[in-house]
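Colleague: Below you will find the structure I want to go over with you.
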Amino acid sequence: MEVDRFIAEQVAGFAKDDRATSRRLLRQLIAERLGLPESHLLSHPERELPAELVSDLREEVQRLQAGQPWAYSFGHVPFLEDSFRIDRRALVPRPETEELTRLFIERHRTKPPTTILDMCCGSGVIGLSLARAFPRSRVWLTDLSQEALSLGRENAASLALQDRVTFLQGDLWEAVRRGVHATLRFDLVIANPPYVAENDTLDDSVIAFEPPLALFSEDDGQKHIKIILKDLYRFLAVPGRAGFELGHYHHQTLTNFLQQNFDTGDYNWELDQHGVPRFLVFDRGAKGHAE
Ligand SMILES: C[S@@+](CC[C@H](N)C(=O)[O-])C[C@H]1O[C@@H](n2cnc3c(N)ncnc32)[C@H](O)[C@@H]1O
């Protein structure tokens, strides 16, 4: 079948509002599968697609129409400066997570952290981007899911970062509480933990395609962050910084917990690009920190 006929046939099955984007992304996907630049397909719309590819792509489009994220079809996703492998072993990285990572890259530009912990690392986008930004830093990445860790390790290898990063499996702090790692103190602790409450509304497609372990947290989406915060100062160096991505209402629901456990001067909420306080940022022993 010809490329353009195939695209027209498949795009018709997407919702009307999604058709222009679907047409563009489908052409990109076909170009990648054929190992050709997209411009070649634009100038050769009559190019014949191999029958096997047509049947593979039809199945892919069915999954996309059922709500599968395009990133899983491509098998890679851009995140800050790099491209990361992505599949159903881990959550598709979100723009807010790029914002959080960029915030800390900028804050540490003049004084890079020596030791960094990315907890709940998933595909590794946060920790590996920090390792790329700070070539002298060592990064520990942890996750409960062995599948996510295997994807993270693949990403570390393709970015040639294996020598400076260590992946550890475990339940939140348990991953670094064991053996030689128990003595580690981190200059920067960063995490995008699961924070969706069980009764929050999520797109059906997110629930159907992304790992539930990456999404949900009991106690109104706060179980993970409360465990992380309880022991934060046991593992955070002085001076040290920490940053967490959370849900849009957690700046209100976590108020009492934060007041009971920390000095008010130690933390603040930073806004995301939509003006929502989404990033809980700690600056411990701020004296001497270079901005
Ligand atoms: C929201 S995803 C974040 C993934 C990645 N950091 C990102 O931003 O794209 C949360 C991650 O936490 C992991 N996770 C869930 N429960 C955990 C636990 N108790 N201990 C450690 N990791 C956990 C999940 O497997 C998932 O990879």
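Chains: A, B, ... in order of the structure tokens. Residues: from 1 per chain. Ligands: from 1, in order shown.
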Do a neighbour search on region 92-94 of chain A at 9 Å with only C-alpha atoms, toss out local chain neighbours closer than 4 positions, and write the hits as a list in words.

Modeller: Pro69, Ala71, Tyr72, Val77, Pro78, Phe79, Ile86, Asp87, Arg88, Glu98, Gly122, Ser123, Val125 and Glu210 of chain A

Colleague: Would you output that residue set with C-alpha atoms, as a PDB file, in the first residue's frame?

Modeller:
```pdb
ATOM      1  CA  PRO A  69       0.797   7.244  24.302  1.00  0.00           C
ATOM      2  CA  ALA A  71       5.939   7.757  22.991  1.00  0.00           C
ATOM      3  CA  TYR A  72       5.423   4.006  23.498  1.00  0.00           C
ATOM      4  CA  VAL A  77      11.022  10.323  24.067  1.00  0.00           C
ATOM      5  CA  PRO A  78      12.873  13.648  24.194  1.00  0.00           C
ATOM      6  CA  PHE A  79      13.712  14.922  27.679  1.00  0.00           C
ATOM      7  CA  ILE A  86      10.691   4.453  26.726  1.00  0.00           C
ATOM      8  CA  ASP A  87       8.201   1.596  26.840  1.00  0.00           C
ATOM      9  CA  ARG A  88       5.544   0.169  29.103  1.00  0.00           C
ATOM     10  CA  GLU A  98      11.446  18.392  32.718  1.00  0.00           C
ATOM     11  CA  GLY A 122      11.401   5.049  36.304  1.00  0.00           C
ATOM     12  CA  SER A 123      13.125   5.387  32.925  1.00  0.00           C
ATOM     13  CA  VAL A 125      15.159  10.705  32.876  1.00  0.00           C
ATOM     14  CA  GLU A 210       0.979   3.239  32.035  1.00  0.00           C
TER      15      GLU A 210
END
```

Colleague: Set the cut-off to 7 Å, count only C-alpha atoms and all ligand atoms, and list whatever residues fall near ligand 1 as a PyMOL selection string.

Modeller: chain A and resi 90-94+97+119-126+142-145+148+170-172+191-194+213-215+224

Colleague: For the helix (DSSP H, G or I) assignment from backbone DSSP, which residues of region 62-188 of chain A qualify? Please present them as a ChimeraX atom specification.

Modeller: /A:62-65,70-74,95-107,125-133,146-158,162-164,174-177,179-183

Colleague: Save the residues we just selected, C-alpha atoms, as a tab-separated table (two decimals), in the first residue's frame?

Modeller:
```
chain	number	residue	atom	x	y	z
A	62	GLN	CA	-5.31	0.30	17.04
A	63	ARG	CA	-3.40	0.68	20.31
A	64	LEU	CA	-2.96	4.42	19.70
A	65	GLN	CA	-6.67	4.82	19.07
A	70	TRP	CA	2.67	7.93	21.05
A	71	ALA	CA	5.94	7.76	22.99
A	72	TYR	CA	5.42	4.01	23.50
A	73	SER	CA	4.91	3.55	19.73
A	74	PHE	CA	8.09	5.46	18.94
A	95	PRO	CA	6.70	18.24	30.87
A	96	GLU	CA	6.49	19.14	34.60
A	97	THR	CA	9.27	16.67	35.30
A	98	GLU	CA	11.45	18.39	32.72
A	99	GLU	CA	10.70	21.66	34.50
A	100	LEU	CA	11.72	20.25	37.88
A	101	THR	CA	14.96	18.84	36.46
A	102	ARG	CA	15.79	22.07	34.65
A	103	LEU	CA	15.19	24.04	37.86
A	104	PHE	CA	17.86	22.05	39.68
A	105	ILE	CA	20.30	22.10	36.77
A	106	GLU	CA	20.06	25.89	36.76
A	107	ARG	CA	20.34	26.21	40.56
A	125	VAL	CA	15.16	10.71	32.88
A	126	ILE	CA	15.75	12.92	35.93
A	127	GLY	CA	18.88	11.32	37.33
A	128	LEU	CA	20.49	10.66	33.96
A	129	SER	CA	19.81	14.23	32.77
A	130	LEU	CA	21.48	15.51	35.96
A	131	ALA	CA	24.42	13.18	35.34
A	132	ARG	CA	24.70	14.63	31.82
A	133	ALA	CA	24.52	18.20	33.10
A	146	GLN	CA	12.86	-4.15	38.46
A	147	GLU	CA	11.31	-3.53	35.03
A	148	ALA	CA	11.71	0.24	35.34
A	149	LEU	CA	15.29	-0.24	36.56
A	150	SER	CA	16.11	-2.41	33.54
A	151	LEU	CA	14.89	0.39	31.27
A	152	GLY	CA	16.86	2.96	33.29
A	153	ARG	CA	20.02	0.86	32.88
A	154	GLU	CA	19.47	0.70	29.12
A	155	ASN	CA	19.19	4.48	29.03
A	156	ALA	CA	22.34	4.89	31.11
A	157	ALA	CA	24.19	2.62	28.69
A	158	SER	CA	23.01	4.44	25.59
A	162	GLN	CA	27.30	3.63	33.37
A	163	ASP	CA	30.52	4.61	35.15
A	164	ARG	CA	28.91	7.39	37.15
A	174	GLU	CA	15.17	0.95	51.75
A	175	ALA	CA	17.15	0.99	48.51
A	176	VAL	CA	19.88	3.13	50.08
A	177	ARG	CA	19.58	1.88	53.64
A	179	GLY	CA	25.04	-2.30	52.85
A	180	VAL	CA	27.63	0.18	51.63
A	181	HIS	CA	24.98	2.66	50.54
A	182	ALA	CA	23.74	3.22	54.10
A	183	THR	CA	26.54	5.69	54.77
```

Colleague: Nearest residue to Arg58 (chain A) out of A:Val11, A:Val196, A:Leu258, A:Ile116, using only C-alpha atoms?

Modeller: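 For Arg58 (chain A), the nearest of the given residues is A:Val11.
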
Colleague: Name all residues at most 9 Å from region 269-275 of chain A (count only C-alpha atoms; drop same-chain ones fewer than 2 positions away) and give them as a list in words.

Modeller: Glu96, Glu99, Leu100, His251, Tyr267, Pro277, Arg278, Phe279, Leu280, Val281 and Phe282 of chain A

Colleague: With N, CA, C and O atoms retained, write the just-selected residues as a PDB file, in the first residue's frame.

Modeller:
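So out.pdb came out as:
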```pdb
ATOM      1  N   GLU A  96       6.199  18.587  33.260  1.00  0.00           N
ATOM      2  CA  GLU A  96       6.489  19.142  34.602  1.00  0.00           C
ATOM      3  C   GLU A  96       7.798  18.569  35.134  1.00  0.00           C
ATOM      4  O   GLU A  96       8.547  19.239  35.846  1.00  0.00           O
ATOM      5  N   GLU A  99      10.578  20.372  33.805  1.00  0.00           N
ATOM      6  CA  GLU A  99      10.703  21.661  34.501  1.00  0.00           C
ATOM      7  C   GLU A  99      11.450  21.501  35.814  1.00  0.00           C
ATOM      8  O   GLU A  99      12.332  22.294  36.145  1.00  0.00           O
ATOM      9  N   LEU A 100      11.070  20.476  36.587  1.00  0.00           N
ATOM     10  CA  LEU A 100      11.724  20.247  37.882  1.00  0.00           C
ATOM     11  C   LEU A 100      13.223  19.998  37.678  1.00  0.00           C
ATOM     12  O   LEU A 100      14.065  20.557  38.383  1.00  0.00           O
ATOM     13  N   HIS A 251       0.161  21.213  47.833  1.00  0.00           N
ATOM     14  CA  HIS A 251       0.694  22.335  48.595  1.00  0.00           C
ATOM     15  C   HIS A 251      -0.279  22.739  49.703  1.00  0.00           C
ATOM     16  O   HIS A 251       0.122  23.336  50.694  1.00  0.00           O
ATOM     17  N   TYR A 267      11.883  25.060  53.424  1.00  0.00           N
ATOM     18  CA  TYR A 267      11.245  24.608  52.180  1.00  0.00           C
ATOM     19  C   TYR A 267      10.331  25.685  51.601  1.00  0.00           C
ATOM     20  O   TYR A 267       9.909  26.609  52.310  1.00  0.00           O
ATOM     21  N   PRO A 277       1.587  25.703  42.196  1.00  0.00           N
ATOM     22  CA  PRO A 277       2.682  25.274  43.083  1.00  0.00           C
ATOM     23  C   PRO A 277       2.804  23.748  43.057  1.00  0.00           C
ATOM     24  O   PRO A 277       2.002  23.040  43.663  1.00  0.00           O
ATOM     25  N   ARG A 278       3.763  23.253  42.325  1.00  0.00           N
ATOM     26  CA  ARG A 278       3.862  21.804  42.100  1.00  0.00           C
ATOM     27  C   ARG A 278       5.155  21.203  42.612  1.00  0.00           C
ATOM     28  O   ARG A 278       5.278  20.000  42.732  1.00  0.00           O
ATOM     29  N   PHE A 279       6.164  22.065  42.852  1.00  0.00           N
ATOM     30  CA  PHE A 279       7.474  21.526  43.193  1.00  0.00           C
ATOM     31  C   PHE A 279       7.810  21.925  44.627  1.00  0.00           C
ATOM     32  O   PHE A 279       7.923  23.115  44.936  1.00  0.00           O
ATOM     33  N   LEU A 280       7.959  20.918  45.479  1.00  0.00           N
ATOM     34  CA  LEU A 280       8.334  21.157  46.868  1.00  0.00           C
ATOM     35  C   LEU A 280       9.859  21.117  46.942  1.00  0.00           C
ATOM     36  O   LEU A 280      10.477  20.091  46.623  1.00  0.00           O
ATOM     37  N   VAL A 281      10.449  22.253  47.325  1.00  0.00           N
ATOM     38  CA  VAL A 281      11.899  22.391  47.245  1.00  0.00           C
ATOM     39  C   VAL A 281      12.478  22.660  48.634  1.00  0.00           C
ATOM     40  O   VAL A 281      11.990  23.535  49.349  1.00  0.00           O
ATOM     41  N   PHE A 282      13.479  21.886  49.013  1.00  0.00           N
ATOM     42  CA  PHE A 282      14.166  22.074  50.298  1.00  0.00           C
ATOM     43  C   PHE A 282      15.552  22.625  50.065  1.00  0.00           C
ATOM     44  O   PHE A 282      16.251  22.214  49.132  1.00  0.00           O
TER      45      PHE A 282
END
```

Colleague: In Å, how far is it from CA of Asp266 (chain A) to CA of Tyr233 (chain A)?

Modeller: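 It comes out at 11.1 Å.
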
Colleague: Please extract the residues of region 35-222 of chain A with a backbone DSSP assignment of strand (DSSP E or B) and present them as a PyMOL selection string.

Modeller: chain A and resi 48+76-79+82-85+115-119+138-143+165-169+186-191+196+216

Colleague: Just checking: using only C-alpha atoms, which residue out of A:Pro239, A:Gly247, A:Pro211, A:Pro50 ends up closest to Ile225 (chain A)?

Modeller: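 Of the candidates, the smallest distance to Ile225 (chain A) is held by A:Gly247.
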
Colleague: Go ahead and compute the interatomic distance for CA of Thr21 (chain A) and CA of Val61 (chain A), in Å to one decimal.

Modeller: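 Distance between the two atoms: 13.3 Å.
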